[in-house]
Amino acid sequence: MARQPLSAIFGYLAAMLPIFLVALAAGSGPIDPARLSDAVKTLASDAFEGRAPGSPSEEKTVGYLIERFKQLGLVPAGEHGDWPQTVPLVHTQIQPGATITVEIGAAKRVLVEYEDVYLTTVQPVAHARLASLPIVFVGYGVAAPERQWDDYKGVDLHGKIALYLVNDPDFEAQPGERVAGTFGGRAMTYYGRWTYKYEEAARRGAAAAIIVHETPGAGYGWVTVAAPHGENFDIAGAPSRVPVQGWLQRQDAVELFQKAGLDFEALKAKARDASFHPIELPGVRLSADLPVAHSLVQSRNVLAKIPGASRLEESVMFSAHWDAYGIAPGATGADKIRRGAADDAIGVAGLFEIARAFKDAPKPPARSVLFGVWTAEERGLLGSEYFGAHPTVSLPKMAANYTMDILQTAGPARDVVLVGAGQNSLEQGLARAAAAQGRPITPDARPERGLFYRADHFSLARRGVPVLLLMGIGGGADLVDGGRSAGDKWVSDYTAHCYHQTCDSWSAAWDLRGAAQDVELLYRAGSEIANSKDWPVWNEGSEFKALREKSAGER
């Protein structure tokens, strides 16, 4: 073998140093990839049947969580000095035999549920019906006075179906359009979320709210939209909801507009201007009869804590969700269970490891450290939302919430992908912890998907608590083995094939060293806050800053 010059050797060592640091950090901290794997293997096993809220597997799941926290030496933080917090949910399930018909003049067309359209309800009724109602296209359906934007222009939606575009008005803004930047550019605001559109439709008295599905704007394909297969949950006693809600395939919407004498793409372009006015589709009416089974379900969050040594009433929270999608309706073959291994058994496993790290530390934290394991995240962040409305601790005195939801399983990474970058000062602590691992922070590569509004931390952010989310599908990490392209491939493969599907299963081939890196980051950053007197703050321009400032007197 030929001898290499010293300059080449030093150059090679310099190039490899970041990789050595990443590998060292992944294996030297308190977070054990093998223990992460073991916990996921259990939670995603057949015995837990996909951990659906209200199913027989919920009892087993909750019991397992409580037992693990007991073994780790934590104490209850739920209701009445116990571990659980009861979350009353209304459970609805669309039954076979749904009929959905569009009338255009004298012509009629049957829309096939789950294929052309996806209509559901969260109301506890025997039938959800729409009786030949007109359809009003309301653009993006945004009412944002602080941005001088109102898509409704006073149009009465009572007795009508509101048809929405997905995302928000400047998602597809073209160069020179006035809207550009009004709603954060391609970074989705809450106005782009389907939850906001349904909420606004209910406030305006619409009989139904239907969103035109386009994969780029939604951030996921039709298979994800239809995955619940007509099943819904809602918090019992929640504010009034729109009677029927759902999605329409883009190609069906284009055809519908065309037959009504309208140009879908031209109207999309008009909807990107603040002067847009709602348009009732001429001669078009929609009828639906959806048989509904409904029941009241008493589901549960699980809450544990390590009491603070000196500031007991102040807290730092770590959280993940325990629920997945259960048994796939109508599935055939041996594999019918949507196990939710990456989403989010791995986040729950991370909570166990963070709890272990705190308990193994030389002394207890100054502030109390809470662990929230939420129910019904997949059904609209319901468990965390219920906790936000009925907290078992003081939210004004909660210094931070760190949430894990879908950590990547493809090995150690050279960077940390952060969803919602630029929101608050917690990112500074994360950056310090990441620097200790030899890793920089990389913002979410596709903020248009609105991931910041799609995980449980949002339920606390909307109450002013500073939050930070690690989510492996926020963008492809720069993997030690394969670089950014390998990270992007992991994200695309997972979201296209396994997200909310039966293939989201534990695998012995997983490399959880990267997940362990990320869990350790949150432990290090959270430990810093738990042992300080600092109160993290929202950055200027964040929609949550004013909410936090209102409770300043309580800290």
# chains A, B, ... in the order shown; residues from 1 in each chain; ligands from 1
$ residues_around --residues "segment 129-136 of chain A" --least-positions-apart "2" --cutoff "9 Å" --atoms "only C-alpha atoms" --output "ChimeraX atom specification"
/A:100-103,127,138,157,159-164,207-208,243-244,278-291
$ write_last_selection --atoms "C-alpha atoms" --output "mmCIF file, in the first residue's frame"
data_model
loop_
_atom_site.group_PDB
_atom_site.id
_atom_site.type_symbol
_atom_site.label_atom_id
_atom_site.label_comp_id
_atom_site.auth_asym_id
_atom_site.auth_seq_id
_atom_site.Cartn_x
_atom_site.Cartn_y
_atom_site.Cartn_z
ATOM 1 C CA ILE A 100 -73.284 10.762 -1.156
ATOM 2 C CA THR A 101 -74.665 12.356 -4.328
ATOM 3 C CA VAL A 102 -73.824 15.519 -6.226
ATOM 4 C CA GLU A 103 -76.560 17.126 -8.339
ATOM 5 C CA HIS A 127 -77.569 9.792 10.862
ATOM 6 C CA VAL A 138 -64.764 30.049 0.324
ATOM 7 C CA LEU A 157 -73.205 29.888 5.408
ATOM 8 C CA GLY A 159 -77.742 25.674 5.457
ATOM 9 C CA LYS A 160 -74.802 25.569 3.071
ATOM 10 C CA ILE A 161 -71.674 23.490 2.511
ATOM 11 C CA ALA A 162 -68.383 25.388 2.771
ATOM 12 C CA LEU A 163 -65.721 24.140 0.345
ATOM 13 C CA TYR A 164 -62.131 24.989 1.253
ATOM 14 C CA ALA A 207 -73.940 22.606 7.553
ATOM 15 C CA ALA A 208 -70.722 20.983 6.373
ATOM 16 C CA PRO A 243 -72.292 18.715 11.569
ATOM 17 C CA VAL A 244 -70.393 17.090 8.668
ATOM 18 C CA PRO A 278 -67.010 33.474 -1.873
ATOM 19 C CA ILE A 279 -68.663 31.851 -4.880
ATOM 20 C CA GLU A 280 -71.695 29.588 -4.757
ATOM 21 C CA LEU A 281 -71.294 26.852 -7.344
ATOM 22 C CA PRO A 282 -74.207 27.476 -9.741
ATOM 23 C CA GLY A 283 -76.718 24.671 -9.967
ATOM 24 C CA VAL A 284 -74.652 22.366 -7.726
ATOM 25 C CA ARG A 285 -76.074 20.650 -4.660
ATOM 26 C CA LEU A 286 -74.825 17.834 -2.473
ATOM 27 C CA SER A 287 -76.813 15.247 -0.551
ATOM 28 C CA ALA A 288 -75.472 12.783 1.978
ATOM 29 C CA ASP A 289 -76.838 10.235 4.390
ATOM 30 C CA LEU A 290 -74.195 8.867 6.745
ATOM 31 C CA PRO A 291 -75.308 6.170 9.218
#
$ residues_around --residues "segment 39-56 of chain A" --least-positions-apart "4" --cutoff "8 Å" --atoms "only C-alpha atoms" --output "JSON, numbers by chain"
{"A": [35, 60, 61, 297, 298, 299, 322, 323, 324, 325, 326, 327, 337, 338, 339, 340, 341, 345, 346, 349, 375, 376, 505, 506, 507]}
$ write_last_selection --atoms "N, CA, C and O atoms" --output "mmCIF file, in the first residue's frame"
data_model
loop_
_atom_site.group_PDB
_atom_site.id
_atom_site.type_symbol
_atom_site.label_atom_id
_atom_site.label_comp_id
_atom_site.auth_asym_id
_atom_site.auth_seq_id
_atom_site.Cartn_x
_atom_site.Cartn_y
_atom_site.Cartn_z
ATOM 1 N N ARG A 35 -32.669 -0.027 25.092
ATOM 2 C CA ARG A 35 -33.863 0.103 25.932
ATOM 3 C C ARG A 35 -34.995 0.778 25.160
ATOM 4 O O ARG A 35 -36.174 0.434 25.350
ATOM 5 N N LYS A 60 -54.765 -2.250 28.807
ATOM 6 C CA LYS A 60 -53.433 -2.851 28.858
ATOM 7 C C LYS A 60 -52.348 -1.791 28.677
ATOM 8 O O LYS A 60 -51.325 -1.796 29.372
ATOM 9 N N THR A 61 -52.584 -0.844 27.757
ATOM 10 C CA THR A 61 -51.603 0.208 27.497
ATOM 11 C C THR A 61 -51.409 1.094 28.716
ATOM 12 O O THR A 61 -50.277 1.363 29.140
ATOM 13 N N VAL A 297 -66.831 7.406 25.465
ATOM 14 C CA VAL A 297 -65.645 6.640 25.847
ATOM 15 C C VAL A 297 -64.897 7.399 26.940
ATOM 16 O O VAL A 297 -64.658 8.605 26.811
ATOM 17 N N GLN A 298 -64.547 6.696 27.998
ATOM 18 C CA GLN A 298 -63.725 7.295 29.041
ATOM 19 C C GLN A 298 -62.279 6.865 28.789
ATOM 20 O O GLN A 298 -61.842 5.801 29.202
ATOM 21 N N SER A 299 -61.547 7.694 28.072
ATOM 22 C CA SER A 299 -60.155 7.387 27.794
ATOM 23 C C SER A 299 -59.290 8.051 28.864
ATOM 24 O O SER A 299 -59.801 8.743 29.763
ATOM 25 N N TRP A 322 -49.598 7.989 23.491
ATOM 26 C CA TRP A 322 -49.584 6.529 23.539
ATOM 27 C C TRP A 322 -50.463 5.889 22.483
ATOM 28 O O TRP A 322 -50.315 4.717 22.158
ATOM 29 N N ASP A 323 -51.401 6.630 21.904
ATOM 30 C CA ASP A 323 -52.383 6.017 21.022
ATOM 31 C C ASP A 323 -51.855 5.818 19.606
ATOM 32 O O ASP A 323 -50.962 6.527 19.142
ATOM 33 N N ALA A 324 -52.422 4.824 18.928
ATOM 34 C CA ALA A 324 -52.227 4.630 17.496
ATOM 35 C C ALA A 324 -53.606 4.359 16.894
ATOM 36 O O ALA A 324 -54.619 4.762 17.459
ATOM 37 N N TYR A 325 -53.665 3.651 15.749
ATOM 38 C CA TYR A 325 -54.929 3.521 15.032
ATOM 39 C C TYR A 325 -55.620 2.170 15.183
ATOM 40 O O TYR A 325 -56.642 1.915 14.554
ATOM 41 N N GLY A 326 -55.054 1.279 15.993
ATOM 42 C CA GLY A 326 -55.756 0.031 16.272
ATOM 43 C C GLY A 326 -55.833 -0.910 15.090
ATOM 44 O O GLY A 326 -54.951 -0.958 14.235
ATOM 45 N N ILE A 327 -56.915 -1.673 15.018
ATOM 46 C CA ILE A 327 -57.128 -2.657 13.958
ATOM 47 C C ILE A 327 -57.639 -1.942 12.708
ATOM 48 O O ILE A 327 -58.604 -1.171 12.777
ATOM 49 N N ILE A 337 -53.000 -4.889 12.124
ATOM 50 C CA ILE A 337 -52.797 -3.976 13.248
ATOM 51 C C ILE A 337 -51.950 -2.780 12.818
ATOM 52 O O ILE A 337 -50.848 -2.938 12.300
ATOM 53 N N ARG A 338 -52.489 -1.580 13.054
ATOM 54 C CA ARG A 338 -51.720 -0.358 12.829
ATOM 55 C C ARG A 338 -51.026 -0.026 14.154
ATOM 56 O O ARG A 338 -51.585 0.649 15.006
ATOM 57 N N ARG A 339 -49.799 -0.521 14.286
ATOM 58 C CA ARG A 339 -49.137 -0.598 15.594
ATOM 59 C C ARG A 339 -48.558 0.726 16.097
ATOM 60 O O ARG A 339 -48.286 0.871 17.280
ATOM 61 N N GLY A 340 -48.332 1.679 15.200
ATOM 62 C CA GLY A 340 -47.791 2.957 15.640
ATOM 63 C C GLY A 340 -46.457 2.824 16.340
ATOM 64 O O GLY A 340 -46.248 3.379 17.420
ATOM 65 N N ALA A 341 -45.512 2.100 15.729
ATOM 66 C CA ALA A 341 -44.216 1.881 16.363
ATOM 67 C C ALA A 341 -43.395 3.164 16.399
ATOM 68 O O ALA A 341 -42.982 3.637 17.461
ATOM 69 N N ALA A 345 -44.861 5.071 19.631
ATOM 70 C CA ALA A 345 -44.298 4.229 20.691
ATOM 71 C C ALA A 345 -42.861 4.633 20.988
ATOM 72 O O ALA A 345 -42.414 4.574 22.141
ATOM 73 N N ILE A 346 -42.151 5.098 19.972
ATOM 74 C CA ILE A 346 -40.760 5.478 20.189
ATOM 75 C C ILE A 346 -40.656 6.756 21.033
ATOM 76 O O ILE A 346 -39.712 6.922 21.814
ATOM 77 N N ALA A 349 -41.163 5.549 24.555
ATOM 78 C CA ALA A 349 -39.912 4.942 25.009
ATOM 79 C C ALA A 349 -38.909 6.006 25.410
ATOM 80 O O ALA A 349 -38.168 5.854 26.390
ATOM 81 N N THR A 375 -53.592 10.484 25.293
ATOM 82 C CA THR A 375 -54.497 9.703 24.471
ATOM 83 C C THR A 375 -54.959 10.531 23.271
ATOM 84 O O THR A 375 -54.867 11.765 23.269
ATOM 85 N N ALA A 376 -55.458 9.857 22.252
ATOM 86 C CA ALA A 376 -56.201 10.454 21.129
ATOM 87 C C ALA A 376 -55.477 11.589 20.425
ATOM 88 O O ALA A 376 -56.116 12.510 19.927
ATOM 89 N N SER A 505 -44.261 -0.741 12.096
ATOM 90 C CA SER A 505 -44.014 -1.807 13.061
ATOM 91 C C SER A 505 -42.567 -1.780 13.531
ATOM 92 O O SER A 505 -41.679 -1.300 12.821
ATOM 93 N N TRP A 506 -42.351 -2.332 14.714
ATOM 94 C CA TRP A 506 -40.987 -2.471 15.229
ATOM 95 C C TRP A 506 -40.189 -3.404 14.333
ATOM 96 O O TRP A 506 -40.706 -4.385 13.788
ATOM 97 N N SER A 507 -38.906 -3.095 14.183
ATOM 98 C CA SER A 507 -38.030 -3.940 13.376
ATOM 99 C C SER A 507 -36.691 -4.111 14.070
ATOM 100 O O SER A 507 -36.117 -3.135 14.581
#
$ atom_distance --atom1 "atom CA of Asn401 of chain A" --atom2 "atom CA of Phe318 of chain A"
5.8 Å
$ closest_atom_pairs --of "segment 496-541 of chain A" --to "segment 459-464 of chain A" --cutoff "12 Å" --atoms "only C-alpha atoms" --output "JSON lines"
{"residue": "A:Pro536", "atom": "CA", "partner": "A:Gly464", "partner_atom": "CA", "distance": 10.9}
{"residue": "A:Val537", "atom": "CA", "partner": "A:Gly464", "partner_atom": "CA", "distance": 9.3}
{"residue": "A:Trp538", "atom": "CA", "partner": "A:Gly464", "partner_atom": "CA", "distance": 8.5}
{"residue": "A:Asn539", "atom": "CA", "partner": "A:Gly464", "partner_atom": "CA", "distance": 11.9}
$ write_last_selection --atoms "all heavy atoms" --output "mmCIF file, in the first residue's frame"
data_model
loop_
_atom_site.group_PDB
_atom_site.id
_atom_site.type_symbol
_atom_site.label_atom_id
_atom_site.label_comp_id
_atom_site.auth_asym_id
_atom_site.auth_seq_id
_atom_site.Cartn_x
_atom_site.Cartn_y
_atom_site.Cartn_z
ATOM 1 N N PRO A 536 -38.236 30.602 30.028
ATOM 2 C CA PRO A 536 -38.136 30.755 28.577
ATOM 3 C C PRO A 536 -39.259 31.641 28.037
ATOM 4 O O PRO A 536 -40.361 31.702 28.599
ATOM 5 C CB PRO A 536 -38.268 29.317 28.060
ATOM 6 C CG PRO A 536 -37.776 28.480 29.211
ATOM 7 C CD PRO A 536 -38.238 29.189 30.443
ATOM 8 N N VAL A 537 -38.986 32.318 26.924
ATOM 9 C CA VAL A 537 -39.942 33.279 26.363
ATOM 10 C C VAL A 537 -40.154 33.004 24.878
ATOM 11 O O VAL A 537 -39.306 32.424 24.198
ATOM 12 C CB VAL A 537 -39.457 34.725 26.550
ATOM 13 C CG1 VAL A 537 -39.373 35.087 28.036
ATOM 14 C CG2 VAL A 537 -38.097 34.944 25.881
ATOM 15 N N TRP A 538 -41.319 33.438 24.386
ATOM 16 C CA TRP A 538 -41.607 33.381 22.962
ATOM 17 C C TRP A 538 -40.918 34.544 22.267
ATOM 18 O O TRP A 538 -40.805 35.635 22.819
ATOM 19 C CB TRP A 538 -43.115 33.452 22.720
ATOM 20 C CG TRP A 538 -43.849 32.253 23.217
ATOM 21 C CD1 TRP A 538 -44.481 32.113 24.423
ATOM 22 C CD2 TRP A 538 -44.011 31.006 22.543
ATOM 23 N NE1 TRP A 538 -45.027 30.861 24.534
ATOM 24 C CE2 TRP A 538 -44.762 30.153 23.395
ATOM 25 C CE3 TRP A 538 -43.606 30.525 21.292
ATOM 26 C CZ2 TRP A 538 -45.114 28.861 23.037
ATOM 27 C CZ3 TRP A 538 -43.959 29.227 20.933
ATOM 28 C CH2 TRP A 538 -44.697 28.412 21.792
ATOM 29 N N ASN A 539 -40.487 34.324 21.060
ATOM 30 C CA ASN A 539 -39.817 35.363 20.296
ATOM 31 C C ASN A 539 -40.809 36.415 19.806
ATOM 32 O O ASN A 539 -42.010 36.157 19.686
ATOM 33 C CB ASN A 539 -39.093 34.757 19.081
ATOM 34 C CG ASN A 539 -37.967 33.830 19.487
ATOM 35 O OD1 ASN A 539 -37.507 33.851 20.626
ATOM 36 N ND2 ASN A 539 -37.510 33.018 18.549
#
$ select_by_dssp --residues "segment 342-446 of chain A" --states "helix (DSSP H, G or I)" --output "number ranges by chain"
A: 342-360, 382-389, 426-436
$ write_last_selection --atoms "N, CA, C and O atoms" --output "short mmCIF file (atom, residue, chain, number, x, y, z; two decimals), in the first residue's frame"
data_model
loop_
_atom_site.label_atom_id
_atom_site.label_comp_id
_atom_site.auth_asym_id
_atom_site.auth_seq_id
_atom_site.Cartn_x
_atom_site.Cartn_y
_atom_site.Cartn_z
N ALA A 342 -43.18 3.76 15.23
CA ALA A 342 -42.48 5.05 15.20
C ALA A 342 -43.39 6.18 15.64
O ALA A 342 -42.94 7.18 16.20
N ASP A 343 -44.69 6.01 15.42
CA ASP A 343 -45.68 7.04 15.71
C ASP A 343 -46.72 6.50 16.70
O ASP A 343 -47.77 6.03 16.29
N ASP A 344 -46.51 6.55 18.02
CA ASP A 344 -45.42 7.26 18.67
C ASP A 344 -44.90 6.42 19.83
O ASP A 344 -44.56 6.94 20.88
N ALA A 345 -44.86 5.07 19.63
CA ALA A 345 -44.30 4.23 20.69
C ALA A 345 -42.86 4.63 20.99
O ALA A 345 -42.41 4.57 22.14
N ILE A 346 -42.15 5.10 19.97
CA ILE A 346 -40.76 5.48 20.19
C ILE A 346 -40.66 6.76 21.03
O ILE A 346 -39.71 6.92 21.81
N GLY A 347 -41.64 7.64 20.91
CA GLY A 347 -41.66 8.81 21.78
C GLY A 347 -41.92 8.45 23.22
O GLY A 347 -41.31 8.99 24.14
N VAL A 348 -42.83 7.49 23.43
CA VAL A 348 -43.11 7.01 24.79
C VAL A 348 -41.86 6.34 25.37
O VAL A 348 -41.50 6.56 26.54
N ALA A 349 -41.16 5.55 24.55
CA ALA A 349 -39.91 4.94 25.01
C ALA A 349 -38.91 6.01 25.41
O ALA A 349 -38.17 5.85 26.39
N GLY A 350 -38.88 7.11 24.67
CA GLY A 350 -38.00 8.22 25.02
C GLY A 350 -38.34 8.82 26.37
O GLY A 350 -37.44 9.22 27.13
N LEU A 351 -39.64 8.88 26.70
CA LEU A 351 -40.03 9.40 28.02
C LEU A 351 -39.45 8.52 29.13
O LEU A 351 -38.96 9.04 30.15
N PHE A 352 -39.52 7.20 28.94
CA PHE A 352 -38.98 6.30 29.96
C PHE A 352 -37.49 6.55 30.15
O PHE A 352 -36.98 6.57 31.29
N GLU A 353 -36.77 6.75 29.05
CA GLU A 353 -35.33 6.96 29.14
C GLU A 353 -34.98 8.31 29.77
O GLU A 353 -34.03 8.43 30.54
N ILE A 354 -35.76 9.33 29.47
CA ILE A 354 -35.53 10.64 30.10
C ILE A 354 -35.81 10.55 31.59
O ILE A 354 -35.05 11.09 32.42
N ALA A 355 -36.88 9.86 31.97
CA ALA A 355 -37.18 9.67 33.40
C ALA A 355 -36.04 8.94 34.08
O ALA A 355 -35.62 9.29 35.19
N ARG A 356 -35.51 7.90 33.43
CA ARG A 356 -34.40 7.15 33.99
C ARG A 356 -33.16 8.05 34.18
O ARG A 356 -32.49 7.99 35.22
N ALA A 357 -32.91 8.90 33.19
CA ALA A 357 -31.75 9.79 33.28
C ALA A 357 -31.88 10.77 34.44
O ALA A 357 -30.92 11.02 35.17
N PHE A 358 -33.09 11.32 34.64
CA PHE A 358 -33.29 12.22 35.77
C PHE A 358 -33.13 11.50 37.10
O PHE A 358 -32.53 12.03 38.04
N LYS A 359 -33.65 10.28 37.18
CA LYS A 359 -33.55 9.54 38.43
C LYS A 359 -32.11 9.11 38.72
O LYS A 359 -31.72 8.95 39.88
N ASP A 360 -31.31 8.91 37.68
CA ASP A 360 -29.91 8.51 37.87
C ASP A 360 -28.98 9.69 38.13
O ASP A 360 -27.80 9.49 38.42
N LEU A 382 -56.48 15.32 21.12
CA LEU A 382 -57.56 15.47 22.10
C LEU A 382 -57.10 15.29 23.54
O LEU A 382 -57.55 16.00 24.43
N GLY A 383 -56.21 14.32 23.79
CA GLY A 383 -55.76 14.12 25.17
C GLY A 383 -54.98 15.31 25.69
O GLY A 383 -55.22 15.78 26.82
N SER A 384 -54.06 15.82 24.89
CA SER A 384 -53.29 16.99 25.33
C SER A 384 -54.16 18.23 25.40
O SER A 384 -53.98 19.08 26.28
N GLU A 385 -55.14 18.34 24.50
CA GLU A 385 -56.06 19.47 24.54
C GLU A 385 -56.89 19.44 25.82
O GLU A 385 -57.11 20.48 26.45
N TYR A 386 -57.32 18.25 26.21
CA TYR A 386 -58.08 18.14 27.46
C TYR A 386 -57.22 18.54 28.65
O TYR A 386 -57.68 19.26 29.55
N PHE A 387 -55.96 18.09 28.65
CA PHE A 387 -55.06 18.50 29.72
C PHE A 387 -54.86 20.02 29.72
O PHE A 387 -54.83 20.65 30.78
N GLY A 388 -54.72 20.59 28.54
CA GLY A 388 -54.56 22.05 28.46
C GLY A 388 -55.73 22.79 29.05
O GLY A 388 -55.57 23.84 29.68
N ALA A 389 -56.93 22.25 28.84
CA ALA A 389 -58.14 22.88 29.40
C ALA A 389 -58.38 22.52 30.85
O ALA A 389 -59.05 23.26 31.58
N LEU A 426 -36.31 28.39 23.91
CA LEU A 426 -35.90 27.01 24.19
C LEU A 426 -34.92 26.50 23.15
O LEU A 426 -34.12 25.59 23.42
N GLU A 427 -34.96 27.06 21.96
CA GLU A 427 -34.06 26.62 20.90
C GLU A 427 -32.60 26.88 21.24
O GLU A 427 -31.71 26.17 20.76
N GLN A 428 -32.36 27.89 22.06
CA GLN A 428 -30.97 28.19 22.44
C GLN A 428 -30.40 27.06 23.29
O GLN A 428 -29.25 26.63 23.09
N GLY A 429 -31.20 26.55 24.23
CA GLY A 429 -30.75 25.43 25.04
C GLY A 429 -30.58 24.17 24.21
O GLY A 429 -29.64 23.39 24.43
N LEU A 430 -31.47 23.97 23.25
CA LEU A 430 -31.33 22.82 22.36
C LEU A 430 -30.04 22.93 21.55
O LEU A 430 -29.33 21.93 21.36
N ALA A 431 -29.75 24.12 21.08
CA ALA A 431 -28.53 24.32 20.29
C ALA A 431 -27.28 24.04 21.12
O ALA A 431 -26.31 23.46 20.61
N ARG A 432 -27.31 24.43 22.39
CA ARG A 432 -26.15 24.13 23.25
C ARG A 432 -25.99 22.62 23.44
O ARG A 432 -24.87 22.09 23.39
N ALA A 433 -27.10 21.93 23.68
CA ALA A 433 -27.03 20.48 23.85
C ALA A 433 -26.58 19.80 22.57
O ALA A 433 -25.80 18.84 22.60
N ALA A 434 -27.05 20.31 21.43
CA ALA A 434 -26.65 19.73 20.15
C ALA A 434 -25.17 19.98 19.86
O ALA A 434 -24.47 19.10 19.34
N ALA A 435 -24.69 21.16 20.23
CA ALA A 435 -23.27 21.47 20.01
C ALA A 435 -22.38 20.53 20.80
O ALA A 435 -21.30 20.14 20.35
N ALA A 436 -22.84 20.13 21.99
CA ALA A 436 -22.07 19.18 22.79
C ALA A 436 -21.98 17.82 22.10
O ALA A 436 -21.08 17.03 22.38
#
$ closest_residue --among "A:Leu407, A:Ala361, A:Ala445, A:Leu267" --to "Pro30 of chain A" --atoms "only C-alpha atoms"
A:Ala361
$ residues_around --residues "Glu146 of chain A" --least-positions-apart "6" --cutoff "12 Å" --atoms "only C-alpha atoms" --output "VMD selection string"
chain A and resid 182 to 183 543
$ closest_residue --among "A:Val87, A:Val467, A:His457, A:Glu448" --to "Gly422 of chain A" --atoms "only C-alpha atoms"
A:Val467
$ atom_distance --atom1 "atom CA of Pro365 of chain A" --atom2 "atom CA of Arg311 of chain A"
9.0 Å
$ closest_residue --among "A:Ala266, A:Ala227, A:Arg272, A:Ala107" --to "Arg178 of chain A" --atoms "only C-alpha atoms"
A:Arg272
$ closest_residue --among "A:Gly472, A:Gly73, A:Gly483, A:Pro412" --to "Gln517 of chain A" --atoms "only C-alpha atoms"
A:Pro412
$ closest_residue --among "A:Tyr220, A:Tyr64, A:Tyr140, A:Phe264" --to "Thr189 of chain A" --atoms "only C-alpha atoms"
A:Tyr140
$ decode --residues "segment 498-510 of chain A" --atoms "N, CA and C atoms" --output "PDB file, in the first residue's frame"
ATOM      1  N   CYS A 498     -45.832   3.950   5.425  1.00  0.00           N
ATOM      2  CA  CYS A 498     -46.082   3.422   6.773  1.00  0.00           C
ATOM      3  C   CYS A 498     -46.803   4.380   7.712  1.00  0.00           C
ATOM      4  N   TYR A 499     -46.857   5.651   7.389  1.00  0.00           N
ATOM      5  CA  TYR A 499     -47.495   6.634   8.252  1.00  0.00           C
ATOM      6  C   TYR A 499     -48.969   6.274   8.428  1.00  0.00           C
ATOM      7  N   HIS A 500     -49.352   5.918   9.642  1.00  0.00           N
ATOM      8  CA  HIS A 500     -50.721   5.520   9.995  1.00  0.00           C
ATOM      9  C   HIS A 500     -51.143   4.207   9.335  1.00  0.00           C
ATOM     10  N   GLN A 501     -50.186   3.423   8.873  1.00  0.00           N
ATOM     11  CA  GLN A 501     -50.493   2.173   8.198  1.00  0.00           C
ATOM     12  C   GLN A 501     -49.966   0.983   9.005  1.00  0.00           C
ATOM     13  N   THR A 502     -50.305  -0.229   8.548  1.00  0.00           N
ATOM     14  CA  THR A 502     -49.917  -1.423   9.288  1.00  0.00           C
ATOM     15  C   THR A 502     -48.411  -1.662   9.281  1.00  0.00           C
ATOM     16  N   CYS A 503     -47.690  -1.086   8.334  1.00  0.00           N
ATOM     17  CA  CYS A 503     -46.249  -1.352   8.292  1.00  0.00           C
ATOM     18  C   CYS A 503     -45.453  -0.496   9.268  1.00  0.00           C
ATOM     19  N   ASP A 504     -46.129   0.375  10.035  1.00  0.00           N
ATOM     20  CA  ASP A 504     -45.408   1.115  11.082  1.00  0.00           C
ATOM     21  C   ASP A 504     -45.210   0.175  12.265  1.00  0.00           C
ATOM     22  N   SER A 505     -44.261  -0.741  12.096  1.00  0.00           N
ATOM     23  CA  SER A 505     -44.014  -1.807  13.061  1.00  0.00           C
ATOM     24  C   SER A 505     -42.567  -1.780  13.531  1.00  0.00           C
ATOM     25  N   TRP A 506     -42.351  -2.332  14.714  1.00  0.00           N
ATOM     26  CA  TRP A 506     -40.987  -2.471  15.229  1.00  0.00           C
ATOM     27  C   TRP A 506     -40.189  -3.404  14.333  1.00  0.00           C
ATOM     28  N   SER A 507     -38.906  -3.095  14.183  1.00  0.00           N
ATOM     29  CA  SER A 507     -38.030  -3.940  13.376  1.00  0.00           C
ATOM     30  C   SER A 507     -36.691  -4.111  14.070  1.00  0.00           C
ATOM     31  N   ALA A 508     -36.190  -5.320  14.056  1.00  0.00           N
ATOM     32  CA  ALA A 508     -34.859  -5.588  14.606  1.00  0.00           C
ATOM     33  C   ALA A 508     -33.780  -4.892  13.790  1.00  0.00           C
ATOM     34  N   ALA A 509     -34.121  -4.485  12.555  1.00  0.00           N
ATOM     35  CA  ALA A 509     -33.147  -3.814  11.689  1.00  0.00           C
ATOM     36  C   ALA A 509     -33.031  -2.315  11.976  1.00  0.00           C
ATOM     37  N   TRP A 510     -33.909  -1.803  12.811  1.00  0.00           N
ATOM     38  CA  TRP A 510     -33.809  -0.381  13.144  1.00  0.00           C
ATOM     39  C   TRP A 510     -32.449  -0.054  13.756  1.00  0.00           C
TER      40      TRP A 510
END
